[in-house]
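J.: Take a look at the following structure, please.
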Amino acid sequence: MKSVILKMAAQVVKFFFLGISVWLLFRGHNYPGGGFIGGLIAGSALIFDRMAFDTDVINEKPGKKGTVFLPLGMGCVLISMIAGAIGKKAVMEGLWVQFNIPGIQEPIKMGTPILFDIGVYFTVIGFIYLIYKSIMEEWQWK
């Protein structure tokens with residue numbers, strides 16, 4: 001597409017979508033949301049950004065390879081699954097670690113479920129990118 005309005009909107013909307021997706025990712029343990037919903041919104045932001053430009057320009061952009069997201073996400077999921085077995089518990093059982101940060105009274109608790117959600121988040125972004133790229137290879141926007 002060659003729309004100037006779409007190109008300008010893509011630059012603004014992309015960061016808005018990414019911010020909402022990260023918020024949903026970290027909110028997902030106690031409320032609806034999480035890695036899948038956040039990944040869908042982040043993937044939509046990446047697609048919206050790429051829809052504003054031609055397919056040839058997308059393939060030439062250095063550092064914009066979305067294929068990195070899929071192995072990164074699957075690696076996070078694998079690490080979160082194996083962590084329970086290494087901790088001599090069941091596979092995919094949550095392990096929790098507390099961090100004491102000076103100046104904060106309560107310790108911060110981090111666990112393997114958030115690592116699993118981050119893995120799902122990146123995996124969904126990778127799948128959306130691969131689906132979009134395969135569609136765009138067949139159908140050129142010119």
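Just remember, in the structure tokens the first chain shown is A, the second B, etc., residues are 1-based per chain, and ligands are 1-based in the order shown.
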Please list as a compact mmCIF listing (two decimals) with C-alpha atoms, in the first residue's frame every residue within 6 Å of segment 75-92 of chain A, counting only C-alpha atoms and excluding residues in the same chain fewer than 2 positions away.

T.:
# COMPACT_ATOMS: atom_id res chain seq x y z
CA PRO A 71 12.41 -20.26 18.65
CA LEU A 72 12.78 -17.72 21.46
CA GLY A 73 9.24 -18.43 22.64
CA THR A 112 8.13 -20.18 36.14
CA LEU A 115 8.30 -17.52 31.98
CA PHE A 116 5.78 -19.88 30.37
CA GLY A 119 7.20 -18.08 25.91

J.: Excluding Gly111 of chain A and any residue of its chain fewer than 6 positions from it, enumerate the residues within 10 Å of it, using only C-alpha atoms, and give them as a PDB file with C-alpha atoms, in the first residue's frame.

T.:
ATOM      1  CA  SER A  80       9.771 -23.298  32.216  1.00  0.00           C
ATOM      2  CA  GLU A  93       5.103 -27.334  38.359  1.00  0.00           C
ATOM      3  CA  GLY A  94       5.640 -23.717  39.293  1.00  0.00           C
ATOM      4  CA  LEU A  95       8.857 -22.755  41.017  1.00  0.00           C
ATOM      5  CA  TRP A  96       9.058 -19.391  42.778  1.00  0.00           C
ATOM      6  CA  VAL A  97      12.041 -17.210  43.632  1.00  0.00           C
ATOM      7  CA  GLN A  98      12.049 -14.130  45.850  1.00  0.00           C
TER       8      GLN A  98
END

J.: Considering only strand (DSSP E or B) as DSSP defines it on the backbone, what residues of segment 9-100 of chain A qualify? List them as a PyMOL selection string.

T.: chain A and resi 96-99

J.: Measure the distance from atom CA of Leu24 of chain A to atom CA of Ile37 of chain A in Å and round it to one decimal.

T.: 7.2 Å

J.: Using only C-alpha atoms, which residues sit within 9 Å of Ala10 of chain A once same-chain residues fewer than 3 positions away are excluded, as a VMD selection string?

T.: chain A and resid 5 to 7 13 to 15 45 48 to 52

J.: Keeping only N, CA and C atoms, write those residues as a CSV table (one decimal), in the first residue's frame.

T.:
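Resulting contents of again.csv:
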chain,number,residue,atom,x,y,z
A,5,ILE,N,-1.3,8.2,5.2
A,5,ILE,CA,-2.0,8.2,6.4
A,5,ILE,C,-1.7,6.9,7.2
A,6,LEU,N,-1.8,5.7,6.4
A,6,LEU,CA,-1.5,4.4,7.0
A,6,LEU,C,-0.1,4.3,7.6
A,7,LYS,N,0.9,4.9,6.9
A,7,LYS,CA,2.2,4.9,7.3
A,7,LYS,C,2.4,5.7,8.6
A,13,VAL,N,0.3,3.7,16.3
A,13,VAL,CA,-0.6,2.6,16.8
A,13,VAL,C,0.3,1.4,17.2
A,14,LYS,N,1.4,1.2,16.6
A,14,LYS,CA,2.3,0.1,16.9
A,14,LYS,C,2.7,0.1,18.4
A,15,PHE,N,3.2,1.3,18.8
A,15,PHE,CA,3.6,1.4,20.2
A,15,PHE,C,2.5,1.3,21.2
A,45,ALA,N,0.1,-5.6,16.0
A,45,ALA,CA,0.9,-4.4,15.9
A,45,ALA,C,2.0,-4.6,14.9
A,48,PHE,N,0.3,-4.6,11.4
A,48,PHE,CA,-0.2,-3.3,11.0
A,48,PHE,C,1.0,-2.4,10.6
A,49,ASP,N,2.1,-2.6,11.2
A,49,ASP,CA,3.3,-1.8,10.8
A,49,ASP,C,3.7,-2.2,9.4
A,50,ARG,N,3.7,-3.5,9.2
A,50,ARG,CA,4.2,-4.0,7.9
A,50,ARG,C,3.2,-3.8,6.8
A,51,MET,N,1.9,-3.7,7.1
A,51,MET,CA,0.9,-3.4,6.1
A,51,MET,C,1.1,-2.0,5.5
A,52,ALA,N,1.7,-1.1,6.2
A,52,ALA,CA,1.8,0.2,5.7
A,52,ALA,C,2.9,0.3,4.6

J.: Between atom CA of Lys133 of chain A and atom CA of Tyr121 of chain A, measure the distance and give it in Å to one decimal.

T.: 18.4 Å

J.: Hey, what's within 7 Å of Gly66 of chain A if we count only C-alpha atoms and toss same-chain stuff fewer than 2 positions away? As a VMD selection string, please?

T.: chain A and resid 64 68 to 69 126 129
